[in-house]
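Below is one structure, written out as structure tokens, with a few remarks after it.
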There are 2 protein chains.
Amino acid sequence: MPSQTRRERAREERRELILRTARELAEAEGWEAVTTRRLAEAVDYSQPVLYGHFKNMDAISTAVALEGFEELAAGLRAGREHDGLRGLAEAYLRYAEDHPAVYDAMFVRRTDLVFGDAGTPEILRTTFGEILAVVTPFAPDDPETLTEVFWSSLHGLATLANGSRLRPTHHQQRLDHLVAIISHS
Amino acid sequence: MPSQTRRERAREERRELILRTARELAEAEGWEAVTTRRLAEAVDYSQPVLYGHFKNMDAISTAVALEGFEELAAGLRAGREHDGLRGLAEAYLRYAEDHPAVYDAMFVRRTDLVFGDAGTPEILRTTFGEILAVVTPFAPDDPETLTEVFWSSLHGLATLANGSRLRPTHHQQRLDHLVAIISHS
DNA sequence: TAGATTGTCTAGCGGTGCTAAGATCCGGTC
DNA sequence: GACCGGATCTTAGCACCGCTAGACAATCTA
């Protein structure tokens, strides 16, 4: 019995090593630098080992994305409990800024994660639920739509800022504006 | 003299053929399908011919993006003149929905187009200026910040909708909400 | 018509994701 | 302790990618 579980434990550790390394590589040099050869070399295994743990390269970034959803949901919850709408917005934008590669895997890169579906992972619904909770007081009759609009605004700010398409000096002012127009709606 | 200009004309037509074909291929199958080999075969030349017109593959999608900025700026202007804030928002989202690959080239794919810089192409400033013009009445003291927020919201709605991450049925409601909260700010 | 210029192609480099086939290790059984 | 069988890992290779050097053909200039 211990032999079997020891193998399984080793396998699980290898899987986490691959995931952690892929994430670090992506954050350091972008997802285009995460190739099977470079990743295999970084974890000191040959390429086929990766395929023993993940179906393909996309499955690796999807797994990183799922980690990201866990972290983001926790951050949003904390931000919301601390400072409501503004706290959640700050937490969202901070997460996107601090983990741009993970954010990309979650929301920008092509993925087979389905969003509005029955097969949607629970954590995705949880994340959406955090935004829903903080927005509902401002649109009790149709909170879903305002949630989508608010989320889209945050997503737009996050991606355009990460792509250096917004003035880097006006982070706080944009957040103030967004929080103001949502709460006056 | 006509010989020289005939050559130049042929060269220009070839360039446009490459651009048009790349754009069609991208809209039909996504940018990942636009490879030098497939594109060369589609225009019935060998791959090195592409490099006689464009420095590399990225330069092709950048050229497509510049076409897109021209079209988008014209659409935004028409929408704005027809129905102000709402008309512009509708025009923006319609363009992104009708030309998802071009929109990607403009705002999502990595590009060497700089945005807030002195070397920014005039057409980019023109496009931004359309949004600025329609938003200024609602924030006369600091129109730039509200412009960035409004643009980010439109961009977020466009990309999340194109990635099937928003309910496809509530297009109009989201637009109504966004226009409402901006104009009440 | 001879030479220079321009245009085009074939072939090839090093990289990519991914996989088949064989070697090797290691736990379970006699 | 010897051996078997399955899990694990590596080498080697496929077809594709962006991109370029060098040979060859077509066209313009003089």
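We label chains A, B, ... in the order they appear in the structure tokens, count residues from 1 in each chain, and number ligands from 1 in the order shown.
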
Polymer residues at most 8 Å from segment 121-131 of chain A, only C-alpha atoms (C1' of nucleotides), same-chain spacing of 4 or more positions, as a list in words
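The neighbour list is Leu66, Phe69, Glu70, Leu72, Ala73, Leu76, Arg77, Arg80, Leu88, Phe115, Val135, Thr147 and Trp151 of chain A.
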
Could you write out as JSON, numbers by chain the residues of chain D within 9 Å of chain A, counting only C-alpha atoms (C1' of nucleotides)?
{"D": [8, 9, 10]}

Export C-alpha atoms (C1' of nucleotides) of the chosen residues as a compact mmCIF listing (two decimals), in the first residue's frame?
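The result, written out as out15.txt:
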```txt
# COMPACT_ATOMS: atom_id res chain seq x y z
C1' DT D 8 8.50 5.61 -16.42
C1' DC D 9 11.76 7.83 -19.13
C1' DT D 10 14.60 8.85 -23.29
```

Taking only C-alpha atoms (C1' of nucleotides) into account, produce a table as a Markdown table in which each residue of chain C with an atom at most 12 Å from an atom of chain A appears once, together with its shortest atom pair and the distance in Å to one decimal, ordered by chain and rising number.
```
| residue | atom | partner | partner_atom | distance |
| --- | --- | --- | --- | --- |
| C:DG15 | C1' | A:Arg37 | CA | 10.1 |
| C:DT16 | C1' | A:Thr35 | CA | 7.7 |
| C:DG17 | C1' | A:Thr36 | CA | 7.4 |
| C:DC18 | C1' | A:Asn56 | CA | 8.2 |
| C:DT19 | C1' | A:Pro48 | CA | 8.2 |
| C:DA20 | C1' | A:Pro48 | CA | 11.1 |
| C:DC26 | C1' | A:Ser3 | CA | 10.2 |
| C:DG27 | C1' | A:Ser3 | CA | 7.3 |
| C:DG28 | C1' | A:Ser3 | CA | 10.3 |
```

Writing out the chosen residues with N, CA and C atoms (P, O5', C5', C4', C3', O3' and C1' of nucleotides) as an mmCIF file, in the first residue's frame:
```cif
data_model
loop_
_atom_site.group_PDB
_atom_site.id
_atom_site.type_symbol
_atom_site.label_atom_id
_atom_site.label_comp_id
_atom_site.auth_asym_id
_atom_site.auth_seq_id
_atom_site.Cartn_x
_atom_site.Cartn_y
_atom_site.Cartn_z
ATOM 1 P P DG C 15 17.730 26.486 -32.310
ATOM 2 O "O5'" DG C 15 16.135 26.289 -32.270
ATOM 3 C "C5'" DG C 15 15.327 27.338 -31.787
ATOM 4 C "C4'" DG C 15 13.931 27.238 -32.362
ATOM 5 C "C3'" DG C 15 12.998 26.257 -31.639
ATOM 6 O "O3'" DG C 15 12.390 26.879 -30.516
ATOM 7 C "C1'" DG C 15 12.703 26.228 -34.023
ATOM 8 P P DT C 16 11.679 25.958 -29.448
ATOM 9 O "O5'" DT C 16 10.281 25.557 -30.116
ATOM 10 C "C5'" DT C 16 9.313 26.578 -30.401
ATOM 11 C "C4'" DT C 16 8.121 25.958 -31.104
ATOM 12 C "C3'" DT C 16 7.521 24.749 -30.402
ATOM 13 O "O3'" DT C 16 6.608 25.185 -29.404
ATOM 14 C "C1'" DT C 16 7.697 24.363 -32.765
ATOM 15 P P DG C 17 6.183 24.161 -28.241
ATOM 16 O "O5'" DG C 17 5.138 23.207 -28.972
ATOM 17 C "C5'" DG C 17 3.920 23.734 -29.472
ATOM 18 C "C4'" DG C 17 3.092 22.614 -30.082
ATOM 19 C "C3'" DG C 17 2.695 21.524 -29.094
ATOM 20 O "O3'" DG C 17 1.365 21.095 -29.356
ATOM 21 C "C1'" DG C 17 4.002 20.583 -30.826
ATOM 22 P P DC C 18 0.663 20.069 -28.308
ATOM 23 O "O5'" DC C 18 1.150 18.651 -28.842
ATOM 24 C "C5'" DC C 18 0.876 18.314 -30.207
ATOM 25 C "C4'" DC C 18 1.587 17.032 -30.581
ATOM 26 C "C3'" DC C 18 1.410 15.861 -29.601
ATOM 27 O "O3'" DC C 18 0.600 14.883 -30.229
ATOM 28 C "C1'" DC C 18 3.610 16.011 -30.468
ATOM 29 P P DT C 19 0.136 13.550 -29.457
ATOM 30 O "O5'" DT C 19 1.178 12.472 -30.008
ATOM 31 C "C5'" DT C 19 1.396 12.375 -31.398
ATOM 32 C "C4'" DT C 19 2.359 11.226 -31.699
ATOM 33 C "C3'" DT C 19 2.179 9.980 -30.823
ATOM 34 O "O3'" DT C 19 2.407 8.849 -31.651
ATOM 35 C "C1'" DT C 19 4.387 10.715 -30.690
ATOM 36 P P DA C 20 1.629 7.458 -31.325
ATOM 37 O "O5'" DA C 20 2.641 6.387 -31.934
ATOM 38 C "C5'" DA C 20 3.274 6.664 -33.188
ATOM 39 C "C4'" DA C 20 4.597 5.926 -33.301
ATOM 40 C "C3'" DA C 20 4.617 4.534 -32.674
ATOM 41 O "O3'" DA C 20 5.402 3.677 -33.501
ATOM 42 C "C1'" DA C 20 6.256 5.878 -31.637
ATOM 43 P P DC C 26 14.746 2.817 -9.281
ATOM 44 O "O5'" DC C 26 13.251 2.612 -8.760
ATOM 45 C "C5'" DC C 26 12.191 2.479 -9.712
ATOM 46 C "C4'" DC C 26 11.182 1.463 -9.217
ATOM 47 C "C3'" DC C 26 11.540 0.767 -7.895
ATOM 48 O "O3'" DC C 26 10.354 0.572 -7.147
ATOM 49 C "C1'" DC C 26 11.205 -0.838 -9.528
ATOM 50 P P DG C 27 10.370 0.396 -5.526
ATOM 51 O "O5'" DG C 27 8.988 -0.345 -5.225
ATOM 52 C "C5'" DG C 27 7.780 0.164 -5.782
ATOM 53 C "C4'" DG C 27 6.839 -0.973 -6.122
ATOM 54 C "C3'" DG C 27 6.563 -1.946 -4.972
ATOM 55 O "O3'" DG C 27 5.185 -2.307 -4.980
ATOM 56 C "C1'" DG C 27 7.507 -3.123 -6.792
ATOM 57 P P DG C 28 4.609 -3.361 -3.940
ATOM 58 O "O5'" DG C 28 4.573 -4.688 -4.831
ATOM 59 C "C5'" DG C 28 3.695 -4.760 -5.940
ATOM 60 C "C4'" DG C 28 3.516 -6.213 -6.363
ATOM 61 C "C3'" DG C 28 3.202 -7.195 -5.229
ATOM 62 O "O3'" DG C 28 2.299 -8.186 -5.722
ATOM 63 C "C1'" DG C 28 5.272 -7.774 -6.213
#
```

Distance in Å - atom CA of His82 of chain A versus atom CA of Val149 of chain A:
22.4 Å

Give the alpha helix (DSSP H) residues of segment 95-175 of chain A, as assigned by DSSP on the backbone, as a PyMOL selection string.
chain A and resi 95-98+100-107+122-135+143-162+171-175

Could you save those same residues with C-alpha atoms as a short mmCIF file (atom, residue, chain, number, x, y, z; two decimals), in the first residue's frame?
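For reference, selection-v1.cif as written:
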```cif
data_model
loop_
_atom_site.label_atom_id
_atom_site.label_comp_id
_atom_site.auth_asym_id
_atom_site.auth_seq_id
_atom_site.Cartn_x
_atom_site.Cartn_y
_atom_site.Cartn_z
CA TYR A 95 -4.35 40.76 -9.50
CA ALA A 96 -4.24 41.37 -13.25
CA GLU A 97 -1.26 43.69 -12.85
CA ASP A 98 0.65 41.39 -10.51
CA PRO A 100 -0.30 39.25 -16.14
CA ALA A 101 0.56 35.84 -17.58
CA VAL A 102 -1.91 34.02 -15.36
CA TYR A 103 -4.53 36.65 -16.20
CA ASP A 104 -3.85 36.03 -19.88
CA ALA A 105 -4.34 32.30 -19.43
CA MET A 106 -7.64 32.98 -17.62
CA PHE A 107 -9.20 35.55 -19.92
CA GLU A 122 -17.54 25.76 -9.98
CA ILE A 123 -14.66 28.15 -9.31
CA LEU A 124 -15.58 30.19 -12.37
CA ARG A 125 -19.09 30.64 -11.08
CA THR A 126 -17.69 31.51 -7.66
CA THR A 127 -15.52 34.25 -9.16
CA PHE A 128 -18.43 35.67 -11.12
CA GLY A 129 -20.52 35.43 -7.94
CA GLU A 130 -18.15 37.75 -6.10
CA ILE A 131 -18.73 40.49 -8.65
CA LEU A 132 -22.45 39.75 -8.68
CA ALA A 133 -22.61 40.12 -4.91
CA VAL A 134 -20.96 43.52 -4.88
CA VAL A 135 -22.99 44.89 -7.79
CA PRO A 143 -27.87 42.34 -11.40
CA GLU A 144 -26.47 39.94 -14.03
CA THR A 145 -26.35 42.55 -16.76
CA LEU A 146 -24.65 45.17 -14.61
CA THR A 147 -22.24 42.47 -13.45
CA GLU A 148 -21.29 41.74 -17.04
CA VAL A 149 -20.82 45.45 -17.75
CA PHE A 150 -18.76 46.03 -14.61
CA TRP A 151 -16.66 42.95 -15.23
CA SER A 152 -16.11 44.00 -18.85
CA SER A 153 -14.93 47.42 -17.69
CA LEU A 154 -12.48 45.88 -15.25
CA HIS A 155 -11.30 43.43 -17.90
CA GLY A 156 -10.83 46.22 -20.42
CA LEU A 157 -8.88 48.33 -17.97
CA ALA A 158 -6.73 45.34 -17.00
CA THR A 159 -5.85 44.23 -20.52
CA LEU A 160 -5.35 47.69 -22.01
CA ALA A 161 -3.16 48.68 -19.05
CA ASN A 162 -1.12 45.47 -19.29
CA HIS A 171 -4.47 54.20 -12.62
CA GLN A 172 -6.20 55.57 -9.55
CA GLN A 173 -8.23 58.18 -11.40
CA ARG A 174 -9.66 55.56 -13.77
CA LEU A 175 -10.61 53.37 -10.85
#
```

Contacts of DA30 of chain D at 12 Å or less, counting only C-alpha atoms (C1' of nucleotides), minus same-chain residues fewer than 4 places along, as JSON, numbers by chain?
{"C": [1, 2, 3, 4]}

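The space between atom CA of Pro168 of chain B and atom CA of Val114 of chain A spans 13.3 Å.
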
What lies within 8 Å of Val34 of chain A using only C-alpha atoms (C1' of nucleotides), ignoring chain neighbours under 5 positions off, as a compact mmCIF listing (two decimals) with C-alpha atoms, in the first residue's frame?
```txt
# COMPACT_ATOMS: atom_id res chain seq x y z
CA ALA A 22 5.35 26.82 -16.57
CA LEU A 25 8.39 30.91 -17.17
CA ALA A 26 5.22 32.55 -18.48
CA LEU A 39 9.69 23.63 -20.11
```

For chain A, which residue out of B:Asp58, B:Gly30, B:His99, B:Ala78 is the nearest one, using only C-alpha atoms?
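Of all the options, B:Gly30 lies closest to chain A.
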
Selection near segment 3-7 of chain D, 9 Å with only C-alpha atoms (C1' of nucleotides), sequence-local residues under 3 positions removed, as a CSV table (one decimal) with N, CA and C atoms (P, O5', C5', C4', C3', O3' and C1' of nucleotides), in the first residue's frame:
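Final output, saved to result39.csv:
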```
chain,number,residue,atom,x,y,z
C,25,DC,P,18.5,2.0,-14.9
C,25,DC,O5',17.6,2.3,-13.6
C,25,DC,C5',16.6,3.3,-13.7
C,25,DC,C4',15.3,2.9,-13.2
C,25,DC,C3',15.3,2.2,-11.8
C,25,DC,O3',14.5,3.0,-10.9
C,25,DC,C1',13.8,1.2,-13.3
C,26,DC,P,14.7,2.8,-9.3
C,26,DC,O5',13.3,2.6,-8.8
C,26,DC,C5',12.2,2.5,-9.7
C,26,DC,C4',11.2,1.5,-9.2
C,26,DC,C3',11.5,0.8,-7.9
C,26,DC,O3',10.4,0.6,-7.1
C,26,DC,C1',11.2,-0.8,-9.5
C,29,DT,P,1.9,-9.5,-4.8
C,29,DT,O5',2.8,-10.6,-5.5
C,29,DT,C5',2.7,-10.9,-6.9
C,29,DT,C4',3.5,-12.1,-7.2
C,29,DT,C3',3.4,-13.4,-6.3
C,29,DT,O3',3.3,-14.5,-7.1
C,29,DT,C1',5.6,-12.8,-6.4
C,30,DC,P,2.7,-15.9,-6.4
C,30,DC,O5',4.0,-16.9,-6.4
C,30,DC,C5',4.4,-17.6,-7.6
C,30,DC,C4',5.9,-17.9,-7.6
C,30,DC,C3',6.3,-19.1,-6.8
C,30,DC,O3',6.8,-20.1,-7.7
C,30,DC,C1',7.7,-17.3,-6.4
```

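Reported to one decimal place, the separation of atom C1' of DT24 of chain C from atom C1' of DT11 of chain D is 12.9 Å.
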